[in-house]
$ cat query-v2.cif   # mmCIF, C-alpha atoms
data_data
loop_
_atom_site.label_atom_id
_atom_site.label_comp_id
_atom_site.auth_asym_id
_atom_site.auth_seq_id
_atom_site.Cartn_x
_atom_site.Cartn_y
_atom_site.Cartn_z
CA MET O 9 125.91 99.82 121.49
CA GLU O 10 124.15 101.26 124.54
CA ARG O 11 121.18 99.22 125.67
CA SER O 12 119.05 102.35 125.96
CA ARG O 13 119.61 103.10 122.27
CA LEU O 14 118.64 99.57 121.31
CA ALA O 15 115.51 99.90 123.41
CA ALA O 16 114.66 103.22 121.79
CA TYR O 17 115.05 101.53 118.41
CA VAL O 18 112.64 98.75 119.39
CA ASP O 19 110.18 101.30 120.78
CA GLY O 20 110.20 103.41 117.62
CA SER O 21 111.59 106.41 119.47
CA LEU O 22 114.62 107.09 117.26
CA GLU O 23 114.81 109.48 114.37
CA PRO O 24 114.96 107.69 110.99
CA GLU O 25 118.68 108.25 110.53
CA GLU O 26 119.40 107.01 114.06
CA ALA O 27 117.29 103.93 113.45
CA ALA O 28 119.18 103.28 110.23
CA ALA O 29 122.47 103.43 112.10
CA VAL O 30 121.18 100.84 114.58
CA VAL O 31 120.11 98.54 111.76
CA ILE O 32 123.59 98.72 110.25
CA HIS O 33 125.16 98.05 113.62
CA LEU O 34 122.96 95.04 114.32
CA ALA O 35 124.10 93.35 111.14
CA ASP O 36 127.57 93.01 112.67
CA SER O 37 126.60 92.46 116.29
CA PRO O 38 124.85 89.16 117.02
CA GLU O 39 124.87 89.93 120.74
CA ASP O 40 122.98 93.21 120.34
CA GLN O 41 120.73 91.61 117.76
CA ALA O 42 119.78 88.95 120.31
CA HIS O 43 119.04 91.66 122.85
CA VAL O 44 116.79 93.49 120.39
CA GLU O 45 114.94 90.24 119.72
CA ARG O 46 114.41 89.78 123.47
CA LEU O 47 112.91 93.25 123.74
CA VAL O 48 110.67 92.71 120.72
CA ALA O 49 109.48 89.41 122.19
CA LEU O 50 108.80 91.06 125.53
CA ASN O 51 106.77 93.85 123.90
CA ARG O 52 104.76 91.25 122.01
CA MET O 53 104.19 89.27 125.18
CA LEU O 54 103.00 92.35 127.04
CA THR O 55 100.60 93.23 124.25
CA ASN O 56 99.23 89.69 124.26
CA ALA O 57 98.88 89.71 128.03
CA TYR O 58 96.61 92.75 127.97
CA GLY O 59 95.24 92.63 124.46
CA ASP O 60 91.68 91.48 125.14
CA PRO O 61 89.98 94.88 125.51
CA VAL O 62 91.07 95.91 122.05
CA ASP O 63 89.00 93.14 120.50
CA GLU O 64 85.99 93.58 122.73
CA PRO O 65 83.01 95.86 122.23
CA VAL O 66 82.86 98.97 124.37
CA PRO O 67 81.12 98.02 127.64
CA GLN O 68 77.64 99.46 128.03
CA ALA O 69 78.54 101.40 131.18
CA ILE O 70 81.29 103.27 129.37
CA TYR O 71 79.23 103.69 126.23
CA ARG O 72 76.37 105.22 128.18
CA THR O 73 78.74 107.53 129.97
CA ILE O 74 79.88 108.87 126.62
CA PHE O 75 76.42 108.92 125.04
CA PRO O 76 74.04 109.68 127.91
CA GLU O 77 71.37 110.76 125.45
CA ARG O 78 71.18 107.20 124.15
CA ARG O 79 70.14 105.73 127.44
CA THR O 80 67.19 103.82 125.97
CA PRO O 81 67.19 100.48 127.75
CA LEU O 82 67.98 98.02 125.00
CA PRO O 83 65.91 95.09 126.21
CA ASP O 84 62.76 97.27 126.27
CA ARG O 85 63.61 98.59 122.85
CA VAL O 86 64.03 95.12 121.46
CA ARG O 87 60.84 93.99 123.12
CA GLY O 88 59.00 96.88 121.51
CA ILE O 89 60.31 96.10 118.07
CA LEU O 90 59.52 92.43 118.32
CA ALA O 91 56.07 93.04 119.81
CA GLU O 92 55.32 95.41 116.97
CA TRP O 93 56.46 92.91 114.41
CA PHE O 94 54.65 89.95 115.81
CA ARG O 95 51.32 91.65 116.33
CA PRO O 96 49.92 90.64 112.95
CA ALA O 97 51.58 87.24 112.91
CA PRO O 98 49.36 84.16 112.90
CA LEU O 99 49.29 82.70 116.38
CA ALA O 100 47.41 79.60 115.44
CA THR O 101 49.18 77.09 117.60
CA PHE O 102 50.06 78.41 120.99
CA ALA O 103 50.48 75.27 123.01
CA ALA O 104 53.24 73.04 121.82
CA VAL O 105 55.95 74.71 119.84
CA ALA O 106 59.31 73.05 120.01
CA VAL O 107 61.98 75.57 119.35
CA PHE O 108 65.67 75.28 119.11
CA ALA O 109 68.10 77.99 118.47
CA TRP O 110 71.61 78.51 117.44
CA VAL O 111 73.71 81.56 117.06
CA ALA O 112 76.09 81.87 114.19
CA ILE O 113 79.54 82.81 115.36
CA ASP O 114 81.57 81.80 112.37
CA ARG O 115 82.68 84.37 109.88
CA GLY O 116 82.38 82.71 106.54
CA VAL O 117 84.71 83.58 103.74
CA GLU O 118 81.98 83.22 101.14
CA PRO O 119 79.61 86.16 100.64
CA THR O 120 76.63 85.73 102.92
CA ASP O 121 72.98 85.73 101.92
CA GLY O 122 71.89 86.88 105.36
CA LEU O 123 71.68 83.46 106.94
CA ARG O 124 75.16 83.63 108.45
CA THR O 125 77.68 86.26 109.37
CA GLY O 126 79.96 87.83 106.82
CA ILE O 127 80.05 90.31 103.98
CA VAL O 128 76.89 90.47 101.89
CA ASP O 129 77.31 89.85 98.18
CA ALA O 130 77.03 93.31 96.66
CA SER O 131 75.59 91.89 93.44
CA GLY O 132 72.84 89.93 95.17
CA ASP O 133 69.23 90.83 95.88
CA PHE O 134 69.72 90.74 99.66
CA TYR O 135 72.23 93.56 99.37
CA ALA O 136 69.83 95.59 97.23
CA ILE O 137 67.05 95.09 99.76
CA LEU O 138 69.26 96.22 102.65
CA GLU O 139 70.42 99.20 100.67
CA ASN O 140 67.08 100.42 99.32
CA SER O 141 64.08 99.20 101.28
CA VAL O 142 62.45 100.68 104.35
CA SER O 143 61.64 98.82 107.55
CA GLY O 144 58.41 96.93 107.34
CA TRP O 145 59.17 95.86 103.78
CA SER O 146 58.74 92.14 103.25
CA GLY O 147 59.37 90.17 100.14
CA PRO O 148 61.23 87.37 98.42
CA VAL O 149 64.98 86.96 98.52
CA GLY O 150 67.12 84.20 97.09
CA ASN O 151 65.33 81.16 95.72
CA SER O 152 62.41 80.79 98.09
CA ASP O 153 63.16 82.78 101.22
CA THR O 154 61.28 85.76 102.57
CA VAL O 155 63.00 88.65 104.23
CA THR O 156 61.38 91.30 106.40
CA LEU O 157 63.21 94.43 107.47
CA ILE O 158 62.54 95.36 111.08
CA ALA O 159 64.46 98.46 112.10
CA VAL O 160 67.41 100.75 111.42
CA PHE O 161 69.70 102.06 114.15
CA HIS O 162 73.23 103.38 114.51
CA ASP O 163 75.85 101.42 116.41
CA GLN O 164 78.37 102.92 118.79
CA THR O 165 80.77 103.78 116.00
CA GLY O 166 78.06 105.55 114.03
CA ARG O 167 77.52 102.86 111.41
CA PRO O 168 73.93 102.37 110.27
CA CYS O 169 72.69 98.85 110.99
CA ARG O 170 69.53 96.95 110.08
CA GLU O 171 67.65 94.25 111.89
CA TYR O 172 65.91 91.76 109.66
CA GLU O 173 64.22 88.39 109.61
CA LEU O 174 64.51 85.66 107.05
CA GLN O 175 62.03 82.85 106.76
CA HIS O 176 63.60 79.94 104.98
CA ASP O 177 63.84 76.18 104.65
CA GLY O 178 60.26 75.95 103.47
CA GLY O 179 59.10 78.35 106.10
CA GLU O 180 60.26 76.06 108.87
CA VAL O 181 63.10 78.22 110.14
CA MET O 182 63.19 81.87 111.09
CA THR O 183 66.56 83.62 111.20
CA ARG O 184 66.98 87.00 112.79
CA GLY O 185 70.02 88.98 111.89
CA ILE O 186 71.76 92.31 112.14
CA ALA O 187 73.72 93.77 109.24
CA CYS O 188 75.81 96.93 109.46
CA ARG O 189 76.92 99.20 106.66
CA ASP O 190 80.62 99.96 106.54
CA THR O 191 82.28 102.46 104.29
CA ALA O 192 85.87 101.87 105.38
CA GLY O 193 88.18 102.24 102.42
CA GLY O 194 85.64 104.29 100.52
CA THR O 195 83.52 101.34 99.43
CA ALA O 196 80.16 100.61 100.97
CA ALA O 197 79.67 97.09 102.25
CA TRP O 198 76.92 95.44 104.29
CA GLU O 199 78.22 92.95 106.79
CA VAL O 200 76.03 90.59 108.75
CA ALA O 201 77.23 90.93 112.32
CA MET O 202 75.08 88.22 113.89
CA THR O 203 72.37 85.73 113.11
CA ALA O 204 70.23 83.56 115.35
CA SER O 205 67.77 80.99 114.12
CA GLU O 206 64.79 79.14 115.48
CA ARG O 207 63.13 76.13 113.96
CA ILE O 208 59.36 76.20 114.02
CA GLU O 209 57.88 72.76 114.12
CA ARG O 210 54.52 72.04 112.59
CA PHE O 211 52.02 69.86 114.30
CA GLY O 212 49.40 67.33 113.50
CA ASP O 213 46.97 69.66 111.80
CA GLY O 214 49.75 71.25 109.76
CA THR O 215 49.25 74.68 111.21
CA ALA O 216 52.28 76.85 111.50
CA GLY O 217 53.77 77.59 114.85
CA TYR O 218 55.03 80.96 115.91
CA ILE O 219 58.19 82.39 117.39
CA PRO O 220 57.64 83.96 120.77
CA ALA O 221 58.97 87.47 121.29
CA ASP O 222 60.86 86.28 124.36
CA GLY O 223 62.30 83.14 122.73
CA PRO O 224 65.95 82.12 122.41
CA THR O 225 66.69 84.40 119.50
CA TYR O 226 65.33 87.29 121.52
CA SER O 227 68.25 86.90 123.92
CA ALA O 228 70.73 86.57 121.08
CA VAL O 229 69.49 89.68 119.30
CA SER O 230 69.33 91.59 122.55
CA ALA O 231 72.91 90.65 123.43
CA ALA O 232 74.11 91.58 119.95
CA LEU O 233 72.43 94.98 120.16
CA ASP O 234 74.05 95.46 123.51
CA ASN O 235 77.46 94.56 122.12
CA LEU O 236 77.03 96.86 119.16
CA GLY O 237 75.99 99.70 121.44
CA ALA O 238 72.82 100.15 119.41
CA GLY O 239 71.14 103.52 119.60
CA PRO O 240 67.38 104.04 119.31
CA SER O 241 65.59 102.87 116.17
CA LEU O 242 65.18 105.57 113.58
CA THR O 243 61.72 106.93 112.89
CA PRO O 244 60.24 106.16 109.44
CA ASP O 245 61.02 109.72 108.31
CA GLN O 246 64.62 109.52 109.56
CA GLU O 247 65.03 106.15 107.90
CA ARG O 248 63.70 107.33 104.55
CA ALA O 249 65.94 110.39 104.66
CA LEU O 250 68.94 108.19 105.40
CA ILE O 251 68.21 105.80 102.55
CA THR O 252 67.47 108.47 100.00
CA GLY O 253 70.61 110.31 101.10
CA GLY O 254 72.74 107.28 100.29
CA TRP O 255 73.15 106.37 103.99
CA GLN O 256 75.15 109.51 104.67
CA MET K 19 77.36 117.93 123.89
CA ASP K 20 79.75 117.82 120.93
CA ALA K 21 78.81 114.69 118.99
CA ALA K 22 82.13 114.59 117.14
CA PHE K 23 84.01 114.64 120.44
CA GLN K 24 81.84 111.80 121.73
CA GLN K 25 82.47 109.77 118.57
CA ASP K 26 86.22 110.37 118.79
CA LEU K 27 86.20 109.39 122.43
CA VAL K 28 84.35 106.13 121.92
CA LYS K 29 86.83 105.18 119.19
CA VAL K 30 89.78 105.32 121.58
CA VAL K 31 88.00 103.44 124.37
CA PRO K 32 89.41 99.99 123.43
CA ARG K 33 92.97 101.28 123.80
CA LEU K 34 92.10 103.16 126.97
CA ARG K 35 90.67 99.96 128.41
CA ARG K 36 93.87 98.08 127.58
CA PHE K 37 95.93 100.80 129.21
CA ALA K 38 93.77 100.83 132.32
CA TYR K 39 93.68 97.03 132.46
CA ALA K 40 97.47 96.91 132.47
CA LEU K 41 97.73 99.64 135.10
CA THR K 42 95.21 98.14 137.49
CA GLY K 43 95.78 94.46 136.78
CA SER K 44 92.03 93.96 136.56
CA LYS K 45 89.60 94.41 133.70
CA ASP K 46 86.78 95.51 135.99
CA ALA K 47 88.92 98.02 137.85
CA GLY K 48 90.32 99.18 134.52
CA ASP K 49 86.83 99.72 133.11
CA ASP K 50 85.84 101.70 136.19
CA LEU K 51 88.90 103.83 135.67
CA VAL K 52 88.10 104.41 131.99
CA GLN K 53 84.52 105.30 132.86
CA SER K 54 85.68 107.83 135.45
CA ALA K 55 88.14 109.27 132.97
CA CYS K 56 85.41 109.63 130.33
CA GLU K 57 83.16 111.36 132.87
CA ARG K 58 85.93 113.76 133.69
CA ALA K 59 86.72 114.43 130.03
CA LEU K 60 83.08 115.03 129.16
CA ARG K 61 82.63 117.41 132.08
CA ASN K 62 85.25 119.66 130.58
CA PRO K 63 85.84 118.84 126.91
CA ALA K 64 87.15 122.37 126.35
CA ALA K 65 90.28 121.31 128.25
CA PHE K 66 91.21 119.17 125.27
CA GLN K 67 93.25 121.08 122.73
CA PRO K 68 92.06 120.41 119.18
CA GLY K 69 94.89 119.26 116.98
CA THR K 70 96.51 117.26 119.75
CA ARG K 71 96.00 113.56 120.33
CA LEU K 72 92.84 112.64 122.19
CA ASP K 73 94.27 109.31 123.29
CA SER K 74 97.30 110.99 124.86
CA TRP K 75 95.02 113.38 126.75
CA MET K 76 92.92 110.47 127.98
CA TYR K 77 95.98 108.44 128.97
CA ARG K 78 97.03 111.37 131.14
CA ILE K 79 93.60 111.58 132.79
CA ILE K 80 93.58 107.84 133.43
CA GLN K 81 97.10 107.92 134.82
CA ASN K 82 96.20 110.77 137.20
CA LEU K 83 93.01 109.09 138.37
CA TRP K 84 94.86 105.83 138.90
CA LEU K 85 97.56 107.49 140.95
CA ASP K 86 94.91 109.31 143.01
CA ASP K 87 93.24 106.00 143.64
CA LYS K 88 96.52 104.31 144.55
CA ARG K 89 97.27 107.05 147.07
CA LYS K 90 93.88 106.56 148.67
CA GLN K 91 94.32 102.82 149.04
CA LYS K 92 98.03 102.68 149.59
CA VAL K 93 97.81 100.36 152.57
CA ARG K 94 95.86 97.78 150.69
CA GLY K 95 98.88 96.44 148.84
CA THR K 96 98.95 94.81 145.45
CA GLN K 97 96.31 92.43 144.34
CA VAL K 98 95.71 90.61 141.10
CA ASP K 99 92.20 89.43 140.44
CA ALA K 100 91.34 86.15 138.84
CA ASP K 101 90.67 87.88 135.55
CA SER K 102 94.20 89.10 135.29
CA VAL K 103 95.59 85.59 135.44
CA SER K 104 92.82 83.99 133.47
CA LEU K 105 93.53 82.35 130.15
CA SER K 106 91.59 85.06 128.39
CA ASP K 107 93.50 84.98 125.12
CA GLN K 108 91.97 81.67 124.13
CA GLY K 109 91.60 81.36 120.40
CA THR K 110 94.27 83.89 119.56
CA GLU K 111 97.80 83.32 118.44
CA VAL K 112 98.99 82.38 121.88
CA GLN K 113 97.51 79.00 122.47
CA ARG K 114 100.07 76.77 124.03
CA LEU K 115 99.59 76.25 127.72
CA ASP K 116 103.17 77.20 128.50
CA ASP K 117 102.74 80.48 126.68
CA ARG K 118 99.52 81.25 128.47
CA MET K 119 101.08 80.48 131.80
CA THR K 120 103.87 82.85 130.89
CA LEU K 121 101.34 85.57 130.02
CA ALA K 122 99.71 85.11 133.41
CA GLN K 123 103.13 85.40 135.03
CA VAL K 124 103.83 88.51 133.00
CA ARG K 125 100.64 90.09 134.32
CA VAL K 126 101.60 89.24 137.88
CA ALA K 127 105.10 90.63 137.32
CA VAL K 128 103.74 93.85 135.79
CA GLU K 129 101.38 94.23 138.73
CA ALA K 130 104.31 93.98 141.10
CA LEU K 131 106.30 96.75 139.39
CA PRO K 132 106.57 100.13 141.10
CA GLU K 133 103.84 102.48 139.88
CA ASP K 134 106.20 104.85 138.11
CA GLN K 135 107.83 102.05 136.13
CA LYS K 136 104.50 100.42 135.32
CA SER K 137 103.05 103.58 133.77
CA VAL K 138 106.02 104.03 131.49
CA LEU K 139 106.17 100.38 130.49
CA VAL K 140 102.47 100.19 129.67
CA LEU K 141 102.48 103.38 127.63
CA VAL K 142 105.57 102.52 125.62
CA ALA K 143 105.59 98.73 125.32
CA ILE K 144 101.86 98.07 125.14
CA GLU K 145 100.32 101.28 123.82
CA GLY K 146 103.18 102.00 121.44
CA VAL K 147 103.60 105.60 122.57
CA ASN K 148 107.06 106.99 121.77
CA TYR K 149 109.33 108.38 124.47
CA ARG K 150 108.62 112.02 123.75
CA GLU K 151 104.86 111.51 123.90
CA ALA K 152 105.18 109.39 127.03
CA ALA K 153 107.23 112.14 128.64
CA GLU K 154 104.51 114.68 127.83
CA ILE K 155 101.73 112.44 129.10
CA LEU K 156 103.50 111.67 132.37
CA GLY K 157 105.10 115.06 132.80
CA ILE K 158 108.64 113.75 133.22
CA PRO K 159 111.85 114.07 131.16
CA VAL K 160 112.62 111.65 128.34
CA GLY K 161 115.71 110.49 130.24
CA THR K 162 113.52 109.41 133.14
CA ILE K 163 111.25 107.55 130.74
CA MET K 164 114.26 105.62 129.46
CA SER K 165 115.66 104.75 132.86
CA ARG K 166 112.30 103.63 134.27
CA LEU K 167 111.63 101.60 131.17
CA SER K 168 115.01 99.93 131.43
CA ARG K 169 114.48 98.94 135.05
CA ALA K 170 111.00 97.61 134.36
CA ARG K 171 112.20 95.55 131.43
CA ASP K 172 115.15 94.12 133.31
CA ARG K 173 112.80 92.89 135.98
CA LEU K 174 110.32 91.40 133.52
CA LEU K 175 112.99 89.75 131.38
CA GLU K 176 114.41 88.15 134.48
CA ILE K 177 111.03 86.64 135.34
CA VAL K 178 110.06 85.60 131.83
CA GLU K 179 113.40 84.03 131.04
CA ALA K 180 113.54 82.22 134.38
CA SER K 181 110.08 80.88 133.60
CA ALA K 182 111.18 79.77 130.14
CA ALA K 183 114.24 78.06 131.61
CA ASN K 184 112.05 76.19 134.10
CA GLY K 185 109.77 75.14 131.29
CA SER K 186 112.72 73.79 129.31
CA ARG K 187 113.96 71.82 132.29
CA LYS K 188 110.53 70.28 132.82
CA ALA K 189 110.26 69.43 129.15
CA GLY K 190 113.69 67.83 129.25
#

$ encode --input "query-v2.cif" --output "structure tokens"
Amino acid sequence: MERSRLAAYVDGSLEPEEAAAVVIHLADSPEDQAHVERLVALNRMLTNAYGDPVDEPVPQAIYRTIFPERRTPLPDRVRGILAEWFRPAPLATFAAVAVFAWVAIDRGVEPTDGLRTGIVDASGDFYAILENSVSGWSGPVGNSDTVTLIAVFHDQTGRPCREYELQHDGGEVMTRGIACRDTAGGTAAWEVAMTASERIERFGDGTAGYIPADGPTYSAVSAALDNLGAGPSLTPDQERALITGGWQ
Amino acid sequence: MDAAFQQDLVKVVPRLRRFAYALTGSKDAGDDLVQSACERALRNPAAFQPGTRLDSWMYRIIQNLWLDDKRKQKVRGTQVDADSVSLSDQGTEVQRLDDRMTLAQVRVAVEALPEDQKSVLVLVAIEGVNYREAAEILGIPVGTIMSRLSRARDRLLEIVEASAANGSRKAG
């Protein structure tokens, strides 16, 4: 069979009946079958060689070209949110706070409770809080953790996302996270896209430390917002309307 | 500005970036190309015909911008930046060093192809566009698509299979 026809078969450019004829031919032609396999392997190799951009977030420069009205500088936005949130926080011990941070990059297969990335258990209380509570809400979640909702924004694909904080491990660790609501397939699901945690060490007098607004998790959250192409935070009225409207 | 058009555009950006990366041989140059193409598209969104494929329209804009750019810098010759030969697919299915070396060689070989062959190869073999669509995007007959594709593949297969043969000899 002509090589051009075999190539057209590999490239999906034949009509169904033509493709069927090629399939029948290949069954009796090992030589042409080998050639088809070479072409398939080459296509796969080419896709692998240039495949990275497909798995990467849209670069900020391109995103801002498409959405010039969302030009809010993200670092300033994050700084504003964090400054707002930390204003009432107890700043008892300023001097010696040892902080370490880690960023969760694994995607667990078990439903997440907000402390790591992954799909949130739809039957759990964390899911209900994400789904129904407004930013600024703070309360218990899980056995002894405390979650505080910080802000709602839309990512570059239009999904609503929430920033939150979880205080856990006896109040010794603060985890910041971002969860986005996906409705692909017709079913709503909250997925934690990133988490970053800082351990707050207590000192001699037992007073609690604090997490600085420009600490390690600040950078992690900022980078994640950048990668998600986060738009401006919604106003309280916009947020309430979104929640009461079922996130539509 | 039409929000739906913006949303549709941002959704095709990953594939546009791959297309531009393969054309230019550089992620940075490819991103610049995509950005320019988006600027051009957004300046005149009415030029896009609803009901047709947005990605095909954008491929055509990118291709035209790339050719314009190539004409302007024709004397510069081919260059492949470090990114294009980097082992950037770490953690994916292609993990063996030999395979990654081959991918780097493939990128160099694609970069060395004549521009007309490269456009066709990238659209069809990487972007999965069929011959008829590729012909519309590039404004050439389907027969020309097939002949350019054939020449490009012959050249690449020669390189890849020579590389594989060398690898086998070393292993033996």

$ residues_around --input "query-v2.cif" --residues "region 144-155 of chain K" --least-positions-apart "6" --cutoff "6 Å" --atoms "all atoms listed in the file" --output "ChimeraX atom specification"
/O:21,55 /K:78

$ resolve_selection --input "query-v2.cif" --expression "the PyMOL selection byres ((chain K) within 6 of (chain O))" --output "JSON, numbers by chain"
{"K": [32, 33, 35, 36, 53, 121, 143, 144, 148, 149]}

$ resolve_selection --input "query-v2.cif" --expression "the PyMOL selection byres ((chain K and resi 177) around 12)" --output "count of residues only"
26

$ resolve_selection --input "query-v2.cif" --expression "the PyMOL selection byres ((chain O and resi 173) around 10)" --output "list in words"
Gly122, Leu123, Ser146, Thr154, Val155, Thr156, Leu157, Ile158, Glu171, Tyr172, Leu174, Gln175, His176, Met182, Thr183, Arg184, Gly185, Ile186, Thr203, Ala204 and Ser205 of chain O

$ atom_distance --input "query-v2.cif" --atom1 "CA of Leu34 (chain K)" --atom2 "CA of Val52 (chain K)"
6.5 Å

$ atom_distance --input "query-v2.cif" --atom1 "CA of Ala28 (chain O)" --atom2 "CA of Thr70 (chain K)"
28.3 Å

$ atom_distance --input "query-v2.cif" --atom1 "CA of Cys188 (chain O)" --atom2 "CA of Lys45 (chain K)"
28.0 Å

$ closest_residue --input "query-v2.cif" --among "O:Thr125, O:Asp36, O:Gln41, O:Ala159" --to "Pro244 (chain O)" --atoms "all atoms listed in the file"
O:Ala159

$ residues_near_point --input "query-v2.cif" --point "(66.3, 106.7, 105.0)" --cutoff "12 Å" --atoms "all atoms listed in the file" --output "CSV table (one decimal) with C-alpha atoms, in the coordinates of the input"
chain,number,residue,atom,x,y,z
O,138,LEU,CA,69.3,96.2,102.6
O,139,GLU,CA,70.4,99.2,100.7
O,140,ASN,CA,67.1,100.4,99.3
O,141,SER,CA,64.1,99.2,101.3
O,142,VAL,CA,62.4,100.7,104.4
O,143,SER,CA,61.6,98.8,107.6
O,159,ALA,CA,64.5,98.5,112.1
O,160,VAL,CA,67.4,100.8,111.4
O,161,PHE,CA,69.7,102.1,114.2
O,168,PRO,CA,73.9,102.4,110.3
O,169,CYS,CA,72.7,98.8,111.0
O,170,ARG,CA,69.5,97.0,110.1
O,241,SER,CA,65.6,102.9,116.2
O,242,LEU,CA,65.2,105.6,113.6
O,243,THR,CA,61.7,106.9,112.9
O,244,PRO,CA,60.2,106.2,109.4
O,245,ASP,CA,61.0,109.7,108.3
O,246,GLN,CA,64.6,109.5,109.6
O,247,GLU,CA,65.0,106.2,107.9
O,248,ARG,CA,63.7,107.3,104.6
O,249,ALA,CA,65.9,110.4,104.7
O,250,LEU,CA,68.9,108.2,105.4
O,251,ILE,CA,68.2,105.8,102.6
O,252,THR,CA,67.5,108.5,100.0
O,253,GLY,CA,70.6,110.3,101.1
O,254,GLY,CA,72.7,107.3,100.3
O,255,TRP,CA,73.2,106.4,104.0
O,256,GLN,CA,75.2,109.5,104.7
